[in-house]
Structure formats: structure tokens, C-alpha cells
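A.B. asks: The structure that follows is given in the form of C-alpha cells.
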Amino acid sequence: MQTRIPALSLGPVYFLWDGPKWRDFYFRIADEASIDHVTLGETVCSKRQHFSEPHIGEVVERLEAAGKRVTLSTLAMVTLERESRHVRDLIAASEHPVEANDLSALWLLKGRPHSIGPLVNVYNAATARLLAARGADNICLPPELPAASILEMLAAMPDFSFELFAFGRMPLAISARCAHARSKGLTKDNCQFICGDDPDGLPLGTLDRQSFLVLNGVQTLSSSCAVLLDDLAPLVAAGLSRIRLSPQDCDMAAVARLYRARLDGRIDGEEALAELARIYPGVRFSNGFLHQQEGAAWVSRGRAAALGHG
């Protein structure tokens with residue numbers, strides 16, 4: 001039986017980009033990127049919503065005119081009444097599918113088709129089955145899952161749509177406090193949107209100046225960028241439905257073309273990785289979680305085979 005090529009998807013922008021940059025980014029995705037499915041909307045911090053919200057209508061229209069399917073994302077942490085009201089209104093009024101990135105949205109979505117984002121911890125088939133029974137029709141799995149766990153879920157639910165977080169700084173944690181603002185001598189309530197000064201996140205180092213984490217407002221991301229370009233074949237063969245790219249401050253249309261070429265077998269892994277290093281320079285790549293190693297590790301194809309994960 002011929003292996004079905006998974007769809008290529010684009011997750012929401014986690015960073016604070018000003019409205020015109022955010023809008024133009026999606027216009028270019030619509031016009032140039034070989035992306036099948038786009039999830040968009042503010043996911044990290046409700047204070048940022050007014051930057052993108054004026055442009056959502058025209059962005060959705062442009063994406064759909066280009067043949068992309070659109071899903072709208074909920075906030076990843078709901079702590080205030082206005083945030084709760086925003087999630088309720090989004091789910092009640094949206095003509096588009098909604099992706100839940102916080103468990104508080106699930107009771108509102110029960111019984112209607114929806115997606116589960118990578119910020120919800122789905123670590124086994126029992127959890128996936130429960131979510132599917134409540135109406136979920138796609139789950140983007142957390143980036144910390146090893147391939148063995150993903151393969152078990154694909155085998156247990158062969159007709160369900162699972163999505164893999166395959167490119168981008170990995171979301172590790174989210175907090176009610178804003179470490180990004182605090183690092184600049186500000187508070188969350190008076191942050192002055194300082195996270196906008198770091199469109200790809202604020203790098204943190206250890207005392208001996210080793211790269212450690214990246215701050216993005218209230219969110220903590222990995223310092224390394226997850227890159228699963230050369231790790232997809234066994235998961236695709238097992239029935240993976242979607243491959244997700246998480247937007248970074250680089251040429252994401254070029255990243256999408258590269259992943260599409262790799263999925264189609266038009267470029268080999270070594271060449272694809274070399275090209276990606278040119279597209280997104282100065283950033284360390286990692287795939288350790290997939291190979292049951294520390295997340296920041298890089299496991300080459302040869303080493304993966306030696307470990308029994310290739």
C-alpha cells in the first residue's frame with residue numbers, strides 16, 4: 001500500500017509581531033507557501049490581541065482564497081474574566097474550527113468538531129480517545145513525545161488525525177507572570193509590550209554563557225529549534241496526518257517549501273538540513289525528544305539507527 005503524504009500545517013505565531021508584520025506574514029504564506037492548513041490567533045498573551053485582531057478578517061480571506069484551511073486558536077492560559085469571555089465568544093461566534101490550547105476551552109467545544117493544540121498534554125492513546133469522544137478530530141502532539149509513544153498512538157487510532165510539531169522553538173511552559181517584562185525591569189501590568197523588541201524571543205544563557213532557554217512574554221521556549229526534517233519517514237509510514245511548522249522570524253515560505261520537498265522525496269535529508277541552516281542561520285537545531293534523548297540534543301540519522309530509533 002502506498003504511503004499517504006501528510007498535509008503540511010502552520011501553527012499560530014507565538015511571538016509579538018506588530019499588526020502589519022503579522023498581516024503581511026500570512027499574506028505571503030497565502031501567496032507563496034505550500035501549506036495546506038493554517039492555525040492562527042493569539043495564543044500566548046491576551047494583552048497582544050489588539051495587534052492582530054484588526055487584520056484577522058483579511059488574513060482569513062486571503063488564506064482561504066489561496067486554498068488554505070483555517071483554524072482559530074484559543075489562548076493557552078486563561079486567568080482573567082475578559083480572557084474567559086474572549087474564549088467563549090470565539091467559540092460561540094466562529095465559523096471556523098477552533099484549536100484548544102487550554103483545557104478550559106474543552107467544555108465549550110464538547111460535541112462539536114475541534115482540534116487540540118500542542119500546549120495540551122496528550123501523552124497516550126487513552127487521553128487521545130477521550131478527547132476524540134468529546135469531538136476532537138485532530139491532535140497536534142506535544143513536542144516532547146518520543147517516536148515510540150507517537151507510533152503507539154498511531155497504531156491504536158489508525159483512522160484519527162494526529163499532527164507532529166516538526167519545526168520551531170519548542171513551547172515548554174507558560175506562566176501567569178511575565179519573566180520577559182521582569183528581565184527588562186518592568187511588570188506584567190506595565191510591560192510596555194517589551195516582548196515586541198524580540199521578534200524571535202529573548203535568549204537566556206547560563207552563568208557560563210551557554211544557550212539555555214528563550215523567553216517570549218509569559219511563555220518559555222527552547223533555545224534550540226526543533227527540526228524533524230530527517231526523522232519523518234517512519235511516522236509518515238505509520239499514518240501521521242499532518243506536519244506542523246511553528247512560525248519563527250525567518251523565511252517561513254522557504255521553510256515550508258523545504259519540508260514539502262523532503263516529504264515528496266525531492267531532496268535528501270543532509271541537503272535539506274544544509275539548506276535550512278542557510279534559511280535560519282545562527283540557531284541550533286535539535287531533535288532529541290523524538291529519540292528519547294534530552295530535548296536540546298541533535299541525533300543524526302546514523303546515531304538514531306544505532307539507538308534503535310531510526
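Convention: chains lettered A, B, ... in C-alpha cells order; per-chain residue numbering from 1; ligands numbered from 1 as shown.
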Using DSSP on the backbone, list every residue of segment 192-299 of chain A that comes out as alpha helix (DSSP H), and give them as number ranges by chain.

C.D. replies: A: 233-237, 252-263, 269-279

A.B. asks: Could you write out that same residue set with N, CA, C and O atoms as a tab-separated table (two decimals), in the first residue's frame?

C.D. replies:
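Resulting contents of out.tsv:
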chain	number	residue	atom	x	y	z
A	233	ALA	N	10.12	9.79	8.08
A	233	ALA	CA	9.72	8.62	7.29
A	233	ALA	C	8.95	7.55	8.08
A	233	ALA	O	7.86	7.13	7.66
A	234	PRO	N	9.45	7.08	9.26
A	234	PRO	CA	8.70	6.03	9.94
A	234	PRO	C	7.34	6.49	10.45
A	234	PRO	O	6.38	5.71	10.49
A	235	LEU	N	7.24	7.77	10.82
A	235	LEU	CA	5.97	8.30	11.32
A	235	LEU	C	4.98	8.48	10.18
A	235	LEU	O	3.78	8.22	10.33
A	236	VAL	N	5.47	8.94	9.05
A	236	VAL	CA	4.61	9.07	7.87
A	236	VAL	C	4.11	7.69	7.43
A	236	VAL	O	2.93	7.51	7.12
A	237	ALA	N	5.01	6.72	7.43
A	237	ALA	CA	4.62	5.36	7.04
A	237	ALA	C	3.58	4.78	7.98
A	237	ALA	O	2.74	3.96	7.58
A	252	MET	N	9.58	31.72	6.39
A	252	MET	CA	8.79	30.51	6.60
A	252	MET	C	8.24	29.93	5.30
A	252	MET	O	7.96	28.73	5.22
A	253	ALA	N	8.09	30.75	4.27
A	253	ALA	CA	7.68	30.20	2.97
A	253	ALA	C	8.77	29.26	2.44
A	253	ALA	O	8.48	28.19	1.89
A	254	ALA	N	10.03	29.65	2.65
A	254	ALA	CA	11.15	28.80	2.22
A	254	ALA	C	11.23	27.55	3.08
A	254	ALA	O	11.52	26.45	2.58
A	255	VAL	N	10.98	27.68	4.38
A	255	VAL	CA	10.95	26.51	5.27
A	255	VAL	C	9.88	25.53	4.80
A	255	VAL	O	10.11	24.32	4.72
A	256	ALA	N	8.70	26.05	4.49
A	256	ALA	CA	7.61	25.19	4.03
A	256	ALA	C	7.97	24.48	2.73
A	256	ALA	O	7.69	23.28	2.57
A	257	ARG	N	8.58	25.19	1.81
A	257	ARG	CA	8.99	24.56	0.54
A	257	ARG	C	9.98	23.43	0.80
A	257	ARG	O	9.92	22.37	0.16
A	258	LEU	N	10.88	23.63	1.77
A	258	LEU	CA	11.89	22.63	2.08
A	258	LEU	C	11.25	21.37	2.68
A	258	LEU	O	11.57	20.25	2.29
A	259	TYR	N	10.33	21.56	3.63
A	259	TYR	CA	9.65	20.41	4.22
A	259	TYR	C	8.81	19.68	3.17
A	259	TYR	O	8.74	18.45	3.16
A	260	ARG	N	8.15	20.44	2.31
A	260	ARG	CA	7.35	19.81	1.26
A	260	ARG	C	8.24	18.99	0.32
A	260	ARG	O	7.91	17.85	-0.04
A	261	ALA	N	9.39	19.54	-0.04
A	261	ALA	CA	10.31	18.81	-0.92
A	261	ALA	C	10.81	17.54	-0.24
A	261	ALA	O	10.97	16.49	-0.89
A	262	ARG	N	11.07	17.63	1.08
A	262	ARG	CA	11.55	16.45	1.80
A	262	ARG	C	10.45	15.40	1.88
A	262	ARG	O	10.70	14.19	1.68
A	263	LEU	N	9.22	15.81	2.17
A	263	LEU	CA	8.11	14.86	2.24
A	263	LEU	C	7.85	14.20	0.89
A	263	LEU	O	7.50	13.01	0.83
A	269	GLY	N	17.88	14.18	3.18
A	269	GLY	CA	17.92	14.81	4.49
A	269	GLY	C	19.11	15.70	4.71
A	269	GLY	O	18.99	16.81	5.24
A	270	GLU	N	20.29	15.26	4.30
A	270	GLU	CA	21.51	16.05	4.51
A	270	GLU	C	21.44	17.37	3.75
A	270	GLU	O	21.78	18.44	4.28
A	271	GLU	N	20.99	17.31	2.51
A	271	GLU	CA	20.87	18.54	1.72
A	271	GLU	C	19.80	19.47	2.30
A	271	GLU	O	19.99	20.70	2.35
A	272	ALA	N	18.70	18.90	2.78
A	272	ALA	CA	17.63	19.70	3.36
A	272	ALA	C	18.11	20.42	4.61
A	272	ALA	O	17.81	21.61	4.83
A	273	LEU	N	18.85	19.74	5.46
A	273	LEU	CA	19.36	20.35	6.68
A	273	LEU	C	20.34	21.48	6.38
A	273	LEU	O	20.33	22.53	7.03
A	274	ALA	N	21.19	21.28	5.38
A	274	ALA	CA	22.14	22.32	5.00
A	274	ALA	C	21.40	23.55	4.48
A	274	ALA	O	21.77	24.69	4.80
A	275	GLU	N	20.35	23.34	3.71
A	275	GLU	CA	19.57	24.47	3.20
A	275	GLU	C	18.83	25.18	4.32
A	275	GLU	O	18.76	26.41	4.35
A	276	LEU	N	18.30	24.41	5.27
A	276	LEU	CA	17.59	25.03	6.40
A	276	LEU	C	18.54	25.88	7.24
A	276	LEU	O	18.14	26.94	7.74
A	277	ALA	N	19.78	25.45	7.38
A	277	ALA	CA	20.76	26.25	8.12
A	277	ALA	C	21.03	27.58	7.45
A	277	ALA	O	21.36	28.57	8.12
A	278	ARG	N	20.85	27.63	6.13
A	278	ARG	CA	21.00	28.92	5.43
A	278	ARG	C	19.75	29.79	5.60
A	278	ARG	O	19.85	31.01	5.69
A	279	ILE	N	18.59	29.15	5.66
A	279	ILE	CA	17.33	29.89	5.82
A	279	ILE	C	17.22	30.47	7.23
A	279	ILE	O	16.74	31.59	7.42

A.B. asks: Any idea what's packed within 9 Å of Arg169 of chain A, counting only C-alpha atoms, ignoring anything in its chain fewer than 6 positions away? Could you give it as a ChimeraX atom specification?

C.D. replies: /A:214,221-226,246-248

A.B. asks: Hey, could you make a per-residue contact list for segment 6-93 of chain A against segment 195-201 of chain A with 10 Å as the cut-off, showing the nearest pair of atoms and its distance in Å to one decimal, counting only C-alpha atoms, sorted by chain and number, as a tab-separated table?

C.D. replies:
residue	atom	partner	partner_atom	distance
A:Tyr14	CA	A:Asp200	CA	9.0
A:Phe15	CA	A:Pro199	CA	5.9
A:Leu16	CA	A:Gly196	CA	5.0
A:Trp17	CA	A:Gly196	CA	6.1
A:Asp18	CA	A:Gly196	CA	7.4
A:Arg48	CA	A:Gly196	CA	9.5

A.B. asks: Just the number, please: distance in Å from atom CA of Val60 of chain A to atom CA of Ala105 of chain A, one decimal.

C.D. replies: 21.8 Å

A.B. asks: Kindly provide the residues of segment 154-212 of chain A that approach segment 106-119 of chain A to within 9 Å, each paired with its closest atom pair and their distance in Å to one decimal, based on only C-alpha atoms, listed by chain and increasing number, as CSV.

C.D. replies:
residue,atom,partner,partner_atom,distance
A:Glu163,CA,A:Pro118,CA,8.9
A:Leu164,CA,A:Pro118,CA,8.7
A:Phe165,CA,A:Pro118,CA,7.5
A:Pro171,CA,A:Leu119,CA,7.2
A:Leu172,CA,A:Leu119,CA,8.4
A:Ala173,CA,A:Leu119,CA,8.5

A.B. asks: Residues of the last selection are to be written out with C-alpha atoms, as an mmCIF file, in the first residue's frame.

C.D. replies:
data_model
loop_
_atom_site.group_PDB
_atom_site.id
_atom_site.type_symbol
_atom_site.label_atom_id
_atom_site.label_comp_id
_atom_site.auth_asym_id
_atom_site.auth_seq_id
_atom_site.Cartn_x
_atom_site.Cartn_y
_atom_site.Cartn_z
ATOM 1 C CA GLU A 163 -0.182 16.121 13.867
ATOM 2 C CA LEU A 164 3.549 16.381 14.616
ATOM 3 C CA PHE A 165 5.317 19.546 15.824
ATOM 4 C CA PRO A 171 6.881 25.526 23.794
ATOM 5 C CA LEU A 172 7.993 24.341 27.226
ATOM 6 C CA ALA A 173 5.971 26.318 29.772
#

A.B. asks: Please provide as a ChimeraX atom specification all residues within 9 Å of segment 82-94 of chain A, with the sequence filter that same-chain residues fewer than 2 positions apart are discarded (counting only C-alpha atoms).

C.D. replies: /A:46,72,74-75,77-80,96-98,104-105,108-109

A.B. asks: Would you save the residues of that selection, restricted to N, CA, C and O atoms, as a PDB file, in the first residue's frame?

C.D. replies:
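As a result, selection22.pdb now contains:
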ATOM      1  N   SER A  46      -3.081  37.567  26.182  1.00  0.00           N
ATOM      2  CA  SER A  46      -4.273  38.298  25.728  1.00  0.00           C
ATOM      3  C   SER A  46      -3.998  39.782  25.525  1.00  0.00           C
ATOM      4  O   SER A  46      -4.709  40.445  24.760  1.00  0.00           O
ATOM      5  N   LEU A  72      -8.863  28.600  14.106  1.00  0.00           N
ATOM      6  CA  LEU A  72      -8.562  29.688  15.033  1.00  0.00           C
ATOM      7  C   LEU A  72      -8.148  29.121  16.386  1.00  0.00           C
ATOM      8  O   LEU A  72      -8.777  28.191  16.897  1.00  0.00           O
ATOM      9  N   THR A  74      -7.272  29.162  20.525  1.00  0.00           N
ATOM     10  CA  THR A  74      -7.616  29.782  21.798  1.00  0.00           C
ATOM     11  C   THR A  74      -6.346  30.156  22.555  1.00  0.00           C
ATOM     12  O   THR A  74      -5.236  29.730  22.215  1.00  0.00           O
ATOM     13  N   LEU A  75      -6.507  30.940  23.605  1.00  0.00           N
ATOM     14  CA  LEU A  75      -5.394  31.267  24.493  1.00  0.00           C
ATOM     15  C   LEU A  75      -4.911  30.013  25.219  1.00  0.00           C
ATOM     16  O   LEU A  75      -5.688  29.092  25.491  1.00  0.00           O
ATOM     17  N   MET A  77      -3.483  30.118  28.286  1.00  0.00           N
ATOM     18  CA  MET A  77      -3.719  30.246  29.725  1.00  0.00           C
ATOM     19  C   MET A  77      -4.773  31.311  29.954  1.00  0.00           C
ATOM     20  O   MET A  77      -4.591  32.463  29.559  1.00  0.00           O
ATOM     21  N   VAL A  78      -5.863  30.906  30.576  1.00  0.00           N
ATOM     22  CA  VAL A  78      -6.982  31.815  30.844  1.00  0.00           C
ATOM     23  C   VAL A  78      -7.031  32.078  32.344  1.00  0.00           C
ATOM     24  O   VAL A  78      -7.294  31.160  33.133  1.00  0.00           O
ATOM     25  N   THR A  79      -6.766  33.319  32.737  1.00  0.00           N
ATOM     26  CA  THR A  79      -6.724  33.663  34.163  1.00  0.00           C
ATOM     27  C   THR A  79      -7.664  34.808  34.524  1.00  0.00           C
ATOM     28  O   THR A  79      -7.915  35.030  35.708  1.00  0.00           O
ATOM     29  N   LEU A  80      -8.152  35.545  33.541  1.00  0.00           N
ATOM     30  CA  LEU A  80      -8.972  36.725  33.797  1.00  0.00           C
ATOM     31  C   LEU A  80     -10.353  36.545  33.186  1.00  0.00           C
ATOM     32  O   LEU A  80     -10.529  35.795  32.221  1.00  0.00           O
ATOM     33  N   HIS A  96     -15.247  29.059  11.827  1.00  0.00           N
ATOM     34  CA  HIS A  96     -14.102  28.192  11.533  1.00  0.00           C
ATOM     35  C   HIS A  96     -13.871  27.228  12.691  1.00  0.00           C
ATOM     36  O   HIS A  96     -14.267  27.505  13.828  1.00  0.00           O
ATOM     37  N   PRO A  97     -13.216  26.109  12.422  1.00  0.00           N
ATOM     38  CA  PRO A  97     -12.846  25.211  13.522  1.00  0.00           C
ATOM     39  C   PRO A  97     -11.952  25.937  14.519  1.00  0.00           C
ATOM     40  O   PRO A  97     -11.239  26.887  14.174  1.00  0.00           O
ATOM     41  N   VAL A  98     -11.982  25.482  15.756  1.00  0.00           N
ATOM     42  CA  VAL A  98     -11.201  26.093  16.825  1.00  0.00           C
ATOM     43  C   VAL A  98     -10.208  25.071  17.360  1.00  0.00           C
ATOM     44  O   VAL A  98     -10.537  23.887  17.513  1.00  0.00           O
ATOM     45  N   SER A 104      -9.501  24.648  29.622  1.00  0.00           N
ATOM     46  CA  SER A 104     -10.712  25.398  29.951  1.00  0.00           C
ATOM     47  C   SER A 104     -11.633  25.561  28.743  1.00  0.00           C
ATOM     48  O   SER A 104     -12.826  25.827  28.906  1.00  0.00           O
ATOM     49  N   ALA A 105     -11.091  25.407  27.540  1.00  0.00           N
ATOM     50  CA  ALA A 105     -11.924  25.550  26.334  1.00  0.00           C
ATOM     51  C   ALA A 105     -12.691  24.282  25.992  1.00  0.00           C
ATOM     52  O   ALA A 105     -13.652  24.326  25.213  1.00  0.00           O
ATOM     53  N   LEU A 108     -16.538  24.000  26.414  1.00  0.00           N
ATOM     54  CA  LEU A 108     -17.262  24.827  25.450  1.00  0.00           C
ATOM     55  C   LEU A 108     -17.308  24.165  24.073  1.00  0.00           C
ATOM     56  O   LEU A 108     -18.225  24.401  23.282  1.00  0.00           O
ATOM     57  N   LEU A 109     -16.302  23.349  23.782  1.00  0.00           N
ATOM     58  CA  LEU A 109     -16.187  22.718  22.473  1.00  0.00           C
ATOM     59  C   LEU A 109     -16.812  21.327  22.418  1.00  0.00           C
ATOM     60  O   LEU A 109     -16.890  20.724  21.347  1.00  0.00           O
TER      61      LEU A 109
END

A.B. asks: Just to confirm, what's the straight-line distance from atom CA of Ser286 of chain A to atom CA of Asn138 of chain A in Å (one decimal)?

C.D. replies: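 Interatomic distance, atom CA of Ser286 of chain A to atom CA of Asn138 of chain A: 25.1 Å.
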
A.B. asks: If you count only C-alpha atoms, which residues fall within 10 Å of His37 of chain A, apart from same-chain ones fewer than 5 positions away, as a PyMOL selection string?

C.D. replies: chain A and resi 7-11+63-64+67-71+242-244

A.B. asks: Would you mind exporting all heavy atoms of the selected residues as an mmCIF file, in the first residue's frame?

C.D. replies:
data_model
loop_
_atom_site.group_PDB
_atom_site.id
_atom_site.type_symbol
_atom_site.label_atom_id
_atom_site.label_comp_id
_atom_site.auth_asym_id
_atom_site.auth_seq_id
_atom_site.Cartn_x
_atom_site.Cartn_y
_atom_site.Cartn_z
ATOM 1 N N ALA A 7 -0.428 16.173 5.266
ATOM 2 C CA ALA A 7 -0.615 17.597 4.992
ATOM 3 C C ALA A 7 0.428 18.403 5.768
ATOM 4 O O ALA A 7 0.916 17.979 6.816
ATOM 5 C CB ALA A 7 -2.026 18.025 5.395
ATOM 6 N N LEU A 8 0.751 19.572 5.244
ATOM 7 C CA LEU A 8 1.699 20.475 5.901
ATOM 8 C C LEU A 8 0.899 21.608 6.523
ATOM 9 O O LEU A 8 0.076 22.249 5.846
ATOM 10 C CB LEU A 8 2.690 21.013 4.868
ATOM 11 C CG LEU A 8 4.010 21.597 5.381
ATOM 12 C CD1 LEU A 8 4.780 20.563 6.195
ATOM 13 C CD2 LEU A 8 4.859 22.071 4.213
ATOM 14 N N SER A 9 1.115 21.839 7.807
ATOM 15 C CA SER A 9 0.337 22.858 8.509
ATOM 16 C C SER A 9 1.252 23.907 9.131
ATOM 17 O O SER A 9 2.439 23.672 9.346
ATOM 18 C CB SER A 9 -0.542 22.223 9.589
ATOM 19 O OG SER A 9 0.236 21.821 10.705
ATOM 20 N N LEU A 10 0.660 25.060 9.421
ATOM 21 C CA LEU A 10 1.377 26.166 10.060
ATOM 22 C C LEU A 10 0.653 26.514 11.348
ATOM 23 O O LEU A 10 -0.553 26.793 11.344
ATOM 24 C CB LEU A 10 1.413 27.383 9.136
ATOM 25 C CG LEU A 10 2.272 28.569 9.610
ATOM 26 C CD1 LEU A 10 3.754 28.236 9.503
ATOM 27 C CD2 LEU A 10 1.950 29.817 8.793
ATOM 28 N N GLY A 11 1.384 26.468 12.462
ATOM 29 C CA GLY A 11 0.796 26.819 13.745
ATOM 30 C C GLY A 11 0.696 28.323 13.927
ATOM 31 O O GLY A 11 1.155 29.099 13.087
ATOM 32 N N LEU A 63 -6.050 33.749 3.000
ATOM 33 C CA LEU A 63 -5.627 32.356 3.118
ATOM 34 C C LEU A 63 -6.623 31.421 2.436
ATOM 35 O O LEU A 63 -6.229 30.508 1.699
ATOM 36 C CB LEU A 63 -5.483 31.976 4.590
ATOM 37 C CG LEU A 63 -4.287 32.576 5.340
ATOM 38 C CD1 LEU A 63 -4.445 32.369 6.844
ATOM 39 C CD2 LEU A 63 -2.963 31.971 4.867
ATOM 40 N N GLU A 64 -7.907 31.648 2.668
ATOM 41 C CA GLU A 64 -8.906 30.759 2.073
ATOM 42 C C GLU A 64 -8.992 30.929 0.565
ATOM 43 O O GLU A 64 -9.231 29.952 -0.156
ATOM 44 C CB GLU A 64 -10.258 31.011 2.734
ATOM 45 C CG GLU A 64 -10.295 30.548 4.190
ATOM 46 C CD GLU A 64 -11.651 30.668 4.835
ATOM 47 O OE1 GLU A 64 -12.425 31.579 4.447
ATOM 48 O OE2 GLU A 64 -11.941 29.858 5.737
ATOM 49 N N GLY A 67 -6.720 28.665 -1.007
ATOM 50 C CA GLY A 67 -6.980 27.242 -0.835
ATOM 51 C C GLY A 67 -6.519 26.654 0.478
ATOM 52 O O GLY A 67 -6.522 25.427 0.645
ATOM 53 N N LYS A 68 -6.135 27.509 1.438
ATOM 54 C CA LYS A 68 -5.708 27.008 2.744
ATOM 55 C C LYS A 68 -6.924 26.815 3.653
ATOM 56 O O LYS A 68 -7.851 27.619 3.638
ATOM 57 C CB LYS A 68 -4.746 27.988 3.441
ATOM 58 C CG LYS A 68 -3.733 28.677 2.557
ATOM 59 C CD LYS A 68 -2.715 27.755 1.961
ATOM 60 C CE LYS A 68 -1.624 28.553 1.232
ATOM 61 N NZ LYS A 68 -0.739 27.710 0.428
ATOM 62 N N ARG A 69 -6.891 25.769 4.458
ATOM 63 C CA ARG A 69 -7.898 25.587 5.502
ATOM 64 C C ARG A 69 -7.455 26.355 6.746
ATOM 65 O O ARG A 69 -6.269 26.347 7.097
ATOM 66 C CB ARG A 69 -8.072 24.103 5.829
ATOM 67 C CG ARG A 69 -8.645 23.294 4.684
ATOM 68 C CD ARG A 69 -8.766 21.829 5.071
ATOM 69 N NE ARG A 69 -9.606 21.671 6.255
ATOM 70 C CZ ARG A 69 -9.567 20.603 7.058
ATOM 71 N NH1 ARG A 69 -8.706 19.619 6.804
ATOM 72 N NH2 ARG A 69 -10.353 20.517 8.099
ATOM 73 N N VAL A 70 -8.390 27.000 7.414
ATOM 74 C CA VAL A 70 -8.067 27.886 8.536
ATOM 75 C C VAL A 70 -8.729 27.387 9.816
ATOM 76 O O VAL A 70 -9.918 27.041 9.823
ATOM 77 C CB VAL A 70 -8.512 29.329 8.247
ATOM 78 C CG1 VAL A 70 -8.319 30.217 9.476
ATOM 79 C CG2 VAL A 70 -7.732 29.894 7.055
ATOM 80 N N THR A 71 -7.951 27.371 10.896
ATOM 81 C CA THR A 71 -8.438 27.094 12.239
ATOM 82 C C THR A 71 -8.022 28.253 13.133
ATOM 83 O O THR A 71 -6.944 28.831 12.953
ATOM 84 C CB THR A 71 -7.846 25.776 12.774
ATOM 85 O OG1 THR A 71 -8.323 24.687 11.984
ATOM 86 C CG2 THR A 71 -8.222 25.530 14.223
ATOM 87 N N ARG A 242 -0.584 15.074 9.690
ATOM 88 C CA ARG A 242 -0.116 16.433 9.445
ATOM 89 C C ARG A 242 1.271 16.656 10.040
ATOM 90 O O ARG A 242 1.624 16.061 11.054
ATOM 91 C CB ARG A 242 -1.052 17.477 10.070
ATOM 92 C CG ARG A 242 -2.439 17.576 9.478
ATOM 93 C CD ARG A 242 -3.173 18.765 10.114
ATOM 94 N NE ARG A 242 -4.600 18.711 9.891
ATOM 95 C CZ ARG A 242 -5.482 19.483 10.508
ATOM 96 N NH1 ARG A 242 -5.070 20.389 11.384
ATOM 97 N NH2 ARG A 242 -6.767 19.364 10.251
ATOM 98 N N ILE A 243 2.005 17.538 9.398
ATOM 99 C CA ILE A 243 3.306 18.000 9.883
ATOM 100 C C ILE A 243 3.165 19.493 10.177
ATOM 101 O O ILE A 243 2.808 20.263 9.286
ATOM 102 C CB ILE A 243 4.414 17.789 8.827
ATOM 103 C CG1 ILE A 243 4.483 16.330 8.382
ATOM 104 C CG2 ILE A 243 5.751 18.282 9.350
ATOM 105 C CD1 ILE A 243 4.873 15.371 9.456
ATOM 106 N N ARG A 244 3.445 19.913 11.422
ATOM 107 C CA ARG A 244 3.265 21.323 11.787
ATOM 108 C C ARG A 244 4.596 22.073 11.834
ATOM 109 O O ARG A 244 5.577 21.602 12.423
ATOM 110 C CB ARG A 244 2.585 21.457 13.156
ATOM 111 C CG ARG A 244 2.492 22.921 13.631
ATOM 112 C CD ARG A 244 1.663 23.104 14.877
ATOM 113 N NE ARG A 244 0.260 22.812 14.649
ATOM 114 C CZ ARG A 244 -0.734 23.343 15.380
ATOM 115 N NH1 ARG A 244 -0.467 24.191 16.359
ATOM 116 N NH2 ARG A 244 -1.976 23.015 15.115
#
